[in-house]
>>> print(open('protein_28.txt').read())   # compact mmCIF, C-alpha atoms and all ligand atoms
# COMPACT_ATOMS: atom_id res chain seq x y z
CA MET A 586 22.72 -62.28 13.37
CA ALA A 587 24.25 -65.06 11.33
CA THR A 588 27.38 -66.30 12.97
CA GLY A 589 28.66 -69.02 10.66
CA LEU A 590 31.35 -67.00 8.93
CA LYS A 591 31.20 -63.95 11.13
CA TRP A 592 34.64 -62.47 11.58
CA ARG A 593 36.24 -65.54 10.13
CA LEU A 594 39.65 -64.74 8.76
CA ALA A 595 40.02 -66.95 5.76
CA ALA A 596 42.92 -67.72 3.51
CA ALA A 597 43.06 -66.11 0.10
CA PRO A 598 39.62 -66.42 -1.45
CA THR A 599 38.74 -69.29 -3.68
CA ALA A 600 35.81 -69.52 -6.02
CA GLY A 601 32.58 -69.29 -4.12
CA SER A 602 34.15 -68.04 -0.92
CA THR A 603 33.04 -65.35 1.47
CA ARG A 604 35.50 -63.49 3.59
CA ILE A 605 33.99 -61.17 6.13
CA GLU A 606 36.50 -59.34 8.25
CA THR A 607 36.62 -57.05 11.18
CA GLY A 608 39.31 -54.85 9.80
CA LEU A 609 40.53 -52.62 7.08
CA ARG A 610 43.76 -51.15 6.00
CA PRO A 611 43.87 -47.37 6.16
CA ALA A 612 42.96 -45.59 2.96
CA GLY A 613 45.83 -45.52 0.53
CA SER A 614 47.15 -48.94 1.47
CA GLY A 615 44.84 -50.79 -0.89
CA HIS A 616 46.37 -53.80 -2.45
CA ARG A 617 47.86 -53.61 -5.87
CA GLU A 618 48.33 -56.67 -7.96
CA ALA A 619 49.87 -56.99 -11.35
CA SER A 620 47.76 -57.80 -14.36
CA ARG A 621 47.58 -61.56 -14.73
CA PRO A 622 47.08 -63.69 -17.78
CA CYS A 623 43.69 -65.19 -18.32
CA SER A 624 44.76 -68.58 -17.03
CA SER A 625 45.81 -67.45 -13.56
CA VAL A 626 43.48 -67.12 -10.60
CA HIS A 627 43.32 -63.72 -9.03
CA THR A 628 43.18 -63.49 -5.30
CA GLY A 629 42.56 -60.48 -3.15
CA THR A 630 43.76 -59.47 0.28
CA LEU A 631 42.04 -57.23 2.75
CA CYS A 632 43.20 -57.30 6.30
CA GLY A 633 44.21 -55.21 9.24
CA GLU A 634 42.73 -53.61 12.33
CA ALA A 635 39.63 -54.60 14.26
CA THR A 636 36.21 -53.27 13.29
CA THR A 637 35.97 -51.24 16.42
CA ASN A 638 38.96 -49.31 15.13
CA ILE A 639 37.47 -48.57 11.76
CA VAL A 640 35.49 -45.54 12.75
CA THR A 641 38.36 -44.18 14.79
CA MET A 642 40.76 -44.84 11.99
CA TYR A 643 38.73 -42.84 9.54
CA ARG A 644 37.25 -40.18 11.75
CA SER A 645 40.10 -37.76 11.20
CA ASP A 646 39.61 -37.86 7.45
CA THR A 647 36.02 -36.80 7.04
CA SER A 648 33.88 -36.06 4.03
CA GLY A 649 32.03 -33.53 6.13
CA GLY A 650 33.90 -30.40 5.10
CA THR A 651 35.42 -27.92 7.53
CA ASP A 652 32.13 -26.92 9.13
CA GLY A 653 31.02 -30.50 9.73
CA ARG A 654 28.33 -30.49 7.04
CA LEU A 655 28.23 -33.52 4.81
CA VAL A 656 29.24 -32.82 1.26
CA ASN A 657 29.05 -34.92 -1.86
CA THR A 658 32.40 -36.26 -2.93
CA GLY A 659 33.40 -39.29 -4.85
CA GLY A 660 34.31 -40.84 -8.11
CA ALA A 661 34.37 -39.05 -11.42
CA MET A 662 32.07 -41.24 -13.41
CA ARG A 663 30.35 -40.22 -16.61
CA SER A 664 26.77 -40.81 -15.60
CA ILE A 665 25.01 -43.65 -17.36
CA ASP A 666 21.41 -43.35 -18.50
CA TYR A 667 20.23 -46.94 -18.49
CA ASP A 668 17.15 -45.94 -20.48
CA THR A 669 19.34 -45.11 -23.46
CA GLU A 670 22.31 -47.45 -23.00
CA GLN A 671 23.09 -50.87 -21.62
CA HIS A 672 19.50 -51.92 -20.87
CA GLN A 673 19.18 -54.10 -24.01
CA ASP A 674 22.19 -56.22 -23.18
CA TYR A 675 22.46 -55.89 -19.40
CA ALA A 676 20.71 -59.12 -18.44
CA ARG A 677 22.85 -61.09 -20.90
CA GLY A 678 26.11 -59.25 -20.28
CA ARG A 679 25.80 -59.49 -16.50
CA ALA A 680 24.00 -62.81 -16.14
CA LEU A 681 24.79 -64.82 -13.02
CA THR A 682 24.79 -68.59 -12.85
CA GLN A 683 22.60 -70.18 -10.17
CA GLN A 684 25.77 -71.10 -8.34
CA GLN A 685 27.02 -67.52 -8.40
CA LEU A 686 23.65 -66.21 -7.26
CA GLN A 687 23.65 -68.68 -4.39
CA VAL A 688 27.10 -67.56 -3.27
CA TRP A 689 25.83 -64.00 -3.05
CA ILE A 690 22.67 -64.95 -1.20
CA SER A 691 24.78 -66.93 1.29
CA ALA A 692 27.09 -63.94 1.73
CA PHE A 693 24.11 -61.66 2.37
CA ALA A 694 22.73 -64.17 4.89
CA GLU A 695 26.02 -63.92 6.78
CA VAL A 696 25.53 -60.22 7.42
CA LEU A 697 21.76 -60.12 7.93
CA PRO A 698 19.78 -60.97 11.07
CA GLU A 699 18.65 -64.60 11.33
CA ARG A 700 14.95 -63.90 11.83
CA ARG A 701 12.56 -64.27 8.88
CA PRO A 702 10.88 -62.66 7.13
CA LEU A 703 13.03 -59.61 6.59
CA VAL A 704 11.61 -56.71 4.64
CA GLY A 705 14.11 -55.79 1.96
CA LEU A 706 14.90 -53.06 -0.52
CA ASP A 707 16.95 -53.72 -3.63
CA VAL A 708 18.02 -50.17 -4.41
CA GLY A 709 19.05 -49.79 -8.02
CA SER A 710 17.54 -53.19 -8.75
CA GLY A 711 18.22 -52.93 -12.49
CA THR A 712 16.96 -55.95 -14.38
CA GLY A 713 16.25 -57.75 -11.11
CA ARG A 714 19.34 -59.94 -11.06
CA PHE A 715 19.02 -60.37 -7.31
CA THR A 716 15.49 -59.29 -6.39
CA PRO A 717 13.55 -62.58 -6.72
CA ALA A 718 16.35 -64.54 -5.03
CA LEU A 719 16.36 -62.05 -2.15
CA ALA A 720 12.62 -62.53 -1.74
CA GLY A 721 13.02 -66.30 -1.78
CA ALA A 722 15.74 -66.24 0.85
CA PHE A 723 14.71 -63.46 3.21
CA GLY A 724 11.18 -62.15 2.62
CA PRO A 725 9.35 -59.48 0.63
CA VAL A 726 11.50 -57.14 -1.44
CA THR A 727 10.86 -53.85 -3.17
CA GLY A 728 13.12 -53.19 -6.11
CA VAL A 729 13.64 -49.44 -6.43
CA GLU A 730 14.95 -48.52 -9.86
CA PRO A 731 14.98 -45.21 -11.79
CA SER A 732 15.26 -46.65 -15.30
CA VAL A 733 11.94 -47.50 -16.95
CA ARG A 734 13.66 -49.85 -19.38
CA MET A 735 15.57 -51.72 -16.67
CA ARG A 736 12.35 -52.12 -14.67
CA GLU A 737 10.51 -53.37 -17.75
CA ILE A 738 13.16 -56.03 -18.31
CA ALA A 739 13.03 -56.99 -14.64
CA GLN A 740 9.29 -57.61 -15.06
CA THR A 741 9.97 -60.05 -17.90
CA GLN A 742 12.27 -62.20 -15.74
CA PRO A 743 10.97 -65.10 -13.62
CA GLN A 744 8.90 -63.48 -10.90
CA HIS A 745 8.51 -64.10 -7.19
CA PRO A 746 5.25 -63.22 -5.39
CA GLY A 747 7.26 -61.36 -2.76
CA VAL A 748 8.75 -58.92 -5.28
CA ARG A 749 7.50 -55.58 -6.53
CA TYR A 750 9.40 -53.01 -8.57
CA LEU A 751 8.86 -49.30 -8.06
CA ALA A 752 10.18 -46.22 -9.82
CA GLY A 753 12.55 -44.35 -7.56
CA THR A 754 16.11 -43.55 -6.69
CA ALA A 755 18.30 -44.02 -3.65
CA GLU A 756 17.77 -40.31 -3.01
CA ASP A 757 13.97 -40.58 -3.12
CA MET A 758 12.33 -43.91 -2.39
CA PRO A 759 8.55 -44.36 -2.55
CA VAL A 760 8.40 -46.38 0.67
CA PRO A 761 7.39 -45.43 4.22
CA SER A 762 9.85 -44.45 6.92
CA ASP A 763 11.16 -47.22 9.19
CA SER A 764 9.75 -49.86 6.87
CA ALA A 765 12.72 -52.02 5.85
CA ASP A 766 15.12 -54.36 7.64
CA TYR A 767 17.81 -54.13 4.99
CA ALA A 768 18.73 -52.50 1.73
CA LEU A 769 20.99 -54.03 -0.87
CA MET A 770 22.84 -51.72 -3.20
CA PHE A 771 24.64 -53.96 -5.64
CA LEU A 772 26.91 -51.86 -7.83
CA SER A 773 24.44 -48.98 -7.77
CA TRP A 774 26.01 -46.69 -5.12
CA HIS A 775 28.55 -45.23 -7.56
CA HIS A 776 25.69 -44.24 -9.85
CA VAL A 777 24.02 -42.15 -7.15
CA GLN A 778 24.49 -38.48 -7.93
CA ASP A 779 23.49 -37.02 -4.55
CA LYS A 780 25.10 -39.38 -2.07
CA VAL A 781 24.35 -37.21 0.95
CA ARG A 782 20.67 -37.28 0.16
CA ALA A 783 20.79 -41.01 -0.51
CA ALA A 784 22.45 -41.68 2.85
CA GLN A 785 19.75 -39.62 4.56
CA GLU A 786 17.01 -41.41 2.64
CA LEU A 787 18.43 -44.81 3.59
CA THR A 788 18.43 -43.61 7.19
CA ARG A 789 14.76 -42.73 6.83
CA VAL A 790 13.52 -45.95 5.27
CA LEU A 791 15.48 -48.47 7.34
CA ARG A 792 14.45 -49.43 10.83
CA PRO A 793 16.89 -48.97 13.70
CA GLY A 794 19.24 -51.94 13.50
CA GLY A 795 18.60 -52.13 9.76
CA ARG A 796 21.47 -53.05 7.49
CA LEU A 797 22.80 -51.60 4.29
CA LEU A 798 24.66 -54.10 2.14
CA LEU A 799 26.91 -52.14 -0.15
CA ARG A 800 28.41 -54.27 -2.85
CA ALA A 801 30.50 -51.42 -4.10
CA ASN A 802 34.01 -50.96 -5.33
CA PHE A 803 36.29 -48.47 -3.63
CA SER A 804 39.14 -46.59 -5.23
CA ASP A 805 41.53 -47.94 -2.58
CA HIS A 806 40.07 -51.45 -2.25
CA HIS A 807 39.42 -52.20 -5.83
CA PRO A 808 38.89 -55.63 -7.34
CA ARG A 809 41.17 -56.65 -10.16
CA PRO A 810 39.34 -58.71 -12.73
CA TRP A 811 41.84 -60.44 -14.98
CA TRP A 812 40.72 -58.71 -18.16
CA LEU A 813 40.87 -55.11 -16.87
CA GLY A 814 44.63 -54.70 -17.22
CA HIS A 815 44.44 -55.23 -20.96
CA PHE A 816 42.78 -51.84 -21.37
CA PRO A 817 44.98 -48.74 -21.36
CA ARG A 818 45.08 -47.42 -17.75
CA GLY A 819 42.30 -49.92 -17.05
CA TYR A 820 42.80 -50.19 -13.30
CA GLU A 821 43.21 -46.45 -12.83
CA VAL A 822 40.18 -45.56 -14.94
CA ASP A 823 37.99 -48.13 -13.22
CA ALA A 824 39.16 -47.25 -9.71
CA SER A 825 38.52 -43.56 -10.39
CA LEU A 826 34.78 -44.26 -10.70
CA PHE A 827 34.60 -45.07 -7.00
CA GLN A 828 35.05 -43.30 -3.69
CA PRO A 829 37.73 -44.39 -1.24
CA LEU A 830 36.36 -46.66 1.45
CA HIS A 831 36.91 -44.21 4.28
CA GLU A 832 34.80 -41.60 2.52
CA VAL A 833 31.78 -43.92 2.34
CA ILE A 834 32.25 -45.03 5.93
CA GLU A 835 32.55 -41.47 7.19
CA MET A 836 29.46 -40.37 5.34
CA PHE A 837 27.35 -43.01 7.06
CA THR A 838 28.97 -43.06 10.50
CA SER A 839 28.57 -39.30 10.79
CA ILE A 840 24.78 -39.71 10.58
CA GLY A 841 24.35 -42.58 13.00
CA TRP A 842 25.50 -45.74 11.27
CA ARG A 843 28.24 -48.16 12.25
CA VAL A 844 30.34 -50.54 10.22
CA ALA A 845 29.04 -54.06 10.80
CA SER A 846 31.54 -55.81 8.56
CA PHE A 847 33.76 -55.46 5.56
CA GLY A 848 34.85 -58.41 3.49
CA THR A 849 35.03 -59.93 0.09
CA VAL A 850 32.97 -62.40 -1.85
CA THR A 851 34.46 -64.48 -4.61
CA GLU A 852 32.02 -65.76 -7.20
CA PRO A 853 32.59 -69.10 -8.85
CA SER A 854 33.87 -68.74 -12.39
CA SER A 855 31.19 -67.89 -14.92
CA GLY A 856 32.65 -69.95 -17.76
CA THR A 857 35.64 -69.76 -20.03
CA CYS A 858 37.77 -66.75 -20.89
CA GLY A 859 36.23 -66.94 -24.37
CA ASP A 860 32.73 -66.72 -22.86
CA MET A 861 33.79 -63.76 -20.77
CA LEU A 862 35.22 -61.96 -23.78
CA GLU A 863 31.88 -62.33 -25.58
CA ARG A 864 30.07 -60.87 -22.59
CA LEU A 865 32.53 -58.01 -22.27
CA ARG A 866 31.91 -57.14 -25.90
CA LEU A 867 28.34 -56.20 -24.86
CA ARG A 868 29.93 -53.42 -22.79
CA THR A 869 27.44 -53.60 -19.94
CA LEU A 870 29.97 -52.20 -17.50
CA SER A 871 30.17 -48.48 -16.77
CA PHE A 872 33.95 -48.76 -17.13
CA PHE A 873 33.65 -49.03 -20.90
CA ALA A 874 31.62 -45.83 -21.10
CA GLN A 875 34.60 -43.94 -19.68
CA LEU A 876 37.04 -45.02 -22.38
CA SER A 877 37.83 -43.27 -25.65
CA PRO A 878 37.12 -45.17 -28.87
CA ASP A 879 40.89 -45.60 -29.32
CA ASP A 880 41.37 -47.08 -25.85
CA LEU A 881 38.41 -49.39 -26.39
CA GLU A 882 39.89 -50.63 -29.63
CA VAL A 883 43.34 -51.14 -28.16
CA GLY A 884 41.92 -52.88 -25.08
CA PHE A 885 39.70 -55.30 -26.95
CA ARG A 886 42.49 -56.10 -29.38
CA ARG A 887 44.88 -56.96 -26.53
CA LEU A 888 42.18 -58.93 -24.76
CA GLU A 889 41.38 -60.93 -27.89
CA GLN A 890 45.06 -61.79 -28.28
CA ALA A 891 45.34 -62.89 -24.65
CA VAL A 892 42.19 -64.99 -24.82
CA ALA A 893 43.14 -66.52 -28.18
CA ALA A 894 46.08 -68.21 -26.44
CA ASP A 895 43.71 -70.30 -24.29
CA PRO A 896 40.03 -69.47 -24.93
CA ASP A 897 38.76 -72.52 -23.04
CA ALA A 898 40.59 -71.70 -19.80
CA PRO A 899 38.16 -71.00 -16.96
CA SER A 900 37.62 -67.27 -16.49
CA PRO A 901 39.67 -66.47 -13.35
CA VAL A 902 37.82 -65.45 -10.21
CA PHE A 903 38.49 -62.38 -8.12
CA ALA A 904 37.43 -61.02 -4.73
CA GLU A 905 34.65 -58.40 -4.65
CA PRO A 906 34.19 -56.03 -1.68
CA LEU A 907 31.03 -56.08 0.45
CA LEU A 908 30.62 -53.37 3.08
CA THR A 909 27.80 -53.80 5.60
CA LEU A 910 26.61 -50.81 7.60
CA GLU A 911 24.12 -50.89 10.44
CA LEU A 912 21.76 -48.10 11.39
CA ARG A 913 22.05 -47.62 15.12
C1 LIG B 1001 25.26 -51.58 -12.59
S1 LIG B 1001 23.51 -51.48 -12.47
C2 LIG B 1001 23.21 -52.60 -11.11
C3 LIG B 1001 21.83 -53.20 -11.16
C4 LIG B 1001 21.59 -54.33 -10.16
N1 LIG B 1001 21.79 -53.89 -8.80
C5 LIG B 1001 22.49 -55.50 -10.50
O1 LIG B 1001 23.41 -55.78 -9.74
O2 LIG B 1001 22.27 -56.09 -11.54
C6 LIG B 1001 23.24 -49.92 -11.70
C7 LIG B 1001 21.77 -49.59 -11.52
O3 LIG B 1001 21.67 -48.45 -10.67
C8 LIG B 1001 20.61 -47.66 -11.15
N2 LIG B 1001 20.74 -46.29 -10.65
C9 LIG B 1001 21.27 -45.21 -11.27
N3 LIG B 1001 21.14 -44.13 -10.49
C10 LIG B 1001 20.53 -44.53 -9.36
C11 LIG B 1001 20.11 -43.86 -8.18
N4 LIG B 1001 20.32 -42.56 -8.00
N5 LIG B 1001 19.48 -44.57 -7.23
C12 LIG B 1001 19.28 -45.90 -7.38
N6 LIG B 1001 19.66 -46.58 -8.49
C13 LIG B 1001 20.28 -45.91 -9.46
C14 LIG B 1001 20.71 -47.78 -12.65
O4 LIG B 1001 19.53 -47.38 -13.32
C15 LIG B 1001 21.06 -49.25 -12.81
O5 LIG B 1001 19.92 -50.04 -12.94
>>> encode(input="protein_28.txt", output="structure tokens")
Amino acid sequence: MATGLKWRLAAAPTAGSTRIETGLRPAGSGHREASRPCSSVHTGTLCGEATTNIVTMYRSDTSGGTDGRLVNTGGAMRSIDYDTEQHQDYARGRALTQQQLQVWISAFAEVLPERRPLVGLDVGSGTGRFTPALAGAFGPVTGVEPSVRMREIAQTQPQHPGVRYLAGTAEDMPVPSDSADYALMFLSWHHVQDKVRAAQELTRVLRPGGRLLLRANFSDHHPRPWWLGHFPRGYEVDASLFQPLHEVIEMFTSIGWRVASFGTVTEPSSGTCGDMLERLRLRTLSFFAQLSPDDLEVGFRRLEQAVAADPDAPSPVFAEPLLTLELR
């Protein structure tokens, strides 16, 4: 287990920072911050009780229904078919700089065992933004991805001999039981339709002690990118795509997992506000698919006006949640 930043309580995140904490606020106490202009840096706060309290804290509020059976709950997202939308522009719209990629790999290293190699799964690997870098840092990785188009694009990216991409979903992975040391789900959990089945499938494929790295948003611990507030009801619409944190935790802890850590990762800035606006125009975020044409028009108009005031200002950074669960 990496110990460098383990349980370190840091100050408000700065670009390229990792903040892994032992605690959470109870659901409903998620931070709320006002929309900020493009030129201000957004910081996040997540703090509270010790990890050992997390399960206790959330046990009373289960997603298991009255008879104890797990049920699917969660955000109200219009499902996205990446074979018909987003795939053309995803790699460009969501490109990471090498520096940003390295910050994520370092954050993953903090919450993974120290031994190498580790056998990894990149579940919902998309265009392979992370898959080769995971292989380089930790060991062989299987990218599991349902979209043919996204997988095809992944195959056109620089390859790593330790990477293979397979058709599959979080609910049904074409890999043997007890075969992986970790699974990364980077912004793919909210796309999973049958979360109960996915949690059971992750339980099957990971070895005991295996870790699930969920880079997910949560309706009550939701990041606040600077541009989101320019869209009508932007924060509310975006937050509604995601489950509350306690719901995700309860789903996994009720079938034998424990919370290993919860924290935030703050990527270095990806460029100027003007650059970010151009990327947002590609609409490779599920958020945009939830908006009406009118709200899209209003939002982009407001955003253009805000950016026009200082297009060369660095795009502000913000803290992104990372929940790590361990299979007992
Ligand atoms: C926002 S993209 C994230 C892709 C990649 N993880 C990244 O960070 O670039 C979401 C991905 O999840 C995939 N996805 C959708 N439903 C899924 C499911 N049930 N199981 C696994 N992945 C799924 C989509 O096809 C898409 O490639």
>>> residues_near_ligand(input="protein_28.txt", ligand="ligand LIG 1001 (chain B)", cutoff="9 Å", atoms="only C-alpha atoms and all ligand atoms", output="ChimeraX atom specification")
/A:664-668,672,675-676,679-680,707-716,729-736,753-758,769-780,783,800,869-871
>>> closest_residue(input="protein_28.txt", among="A:Arg866, A:Arg843, A:His815, A:Arg913", to="Val883 (chain A)", atoms="all atoms listed in the file")
A:His815
>>> residues_around(input="protein_28.txt", residues="region 745-750 of chain A", least_positions_apart="6", cutoff="7 Å", atoms="only C-alpha atoms", output="PyMOL selection string")
chain A and resi 716-717+720+724-729+736
>>> write_last_selection(input="protein_28.txt", atoms="C-alpha atoms", output="short mmCIF file (atom, residue, chain, number, x, y, z; two decimals), in the frame of the given file")
data_model
loop_
_atom_site.label_atom_id
_atom_site.label_comp_id
_atom_site.auth_asym_id
_atom_site.auth_seq_id
_atom_site.Cartn_x
_atom_site.Cartn_y
_atom_site.Cartn_z
CA THR A 716 15.49 -59.29 -6.39
CA PRO A 717 13.55 -62.58 -6.72
CA ALA A 720 12.62 -62.53 -1.74
CA GLY A 724 11.18 -62.15 2.62
CA PRO A 725 9.35 -59.48 0.63
CA VAL A 726 11.50 -57.14 -1.44
CA THR A 727 10.86 -53.85 -3.17
CA GLY A 728 13.12 -53.19 -6.11
CA VAL A 729 13.64 -49.44 -6.43
CA ARG A 736 12.35 -52.12 -14.67
#
>>> atom_distance(input="protein_28.txt", atom1="CA of Gly859 (chain A)", atom2="CA of Leu813 (chain A)")
14.8 Å
>>> closest_residue(input="protein_28.txt", among="A:Phe803, A:Phe837, A:Tyr767, A:Phe873", to="Gly705 (chain A)", atoms="all atoms listed in the file")
A:Tyr767
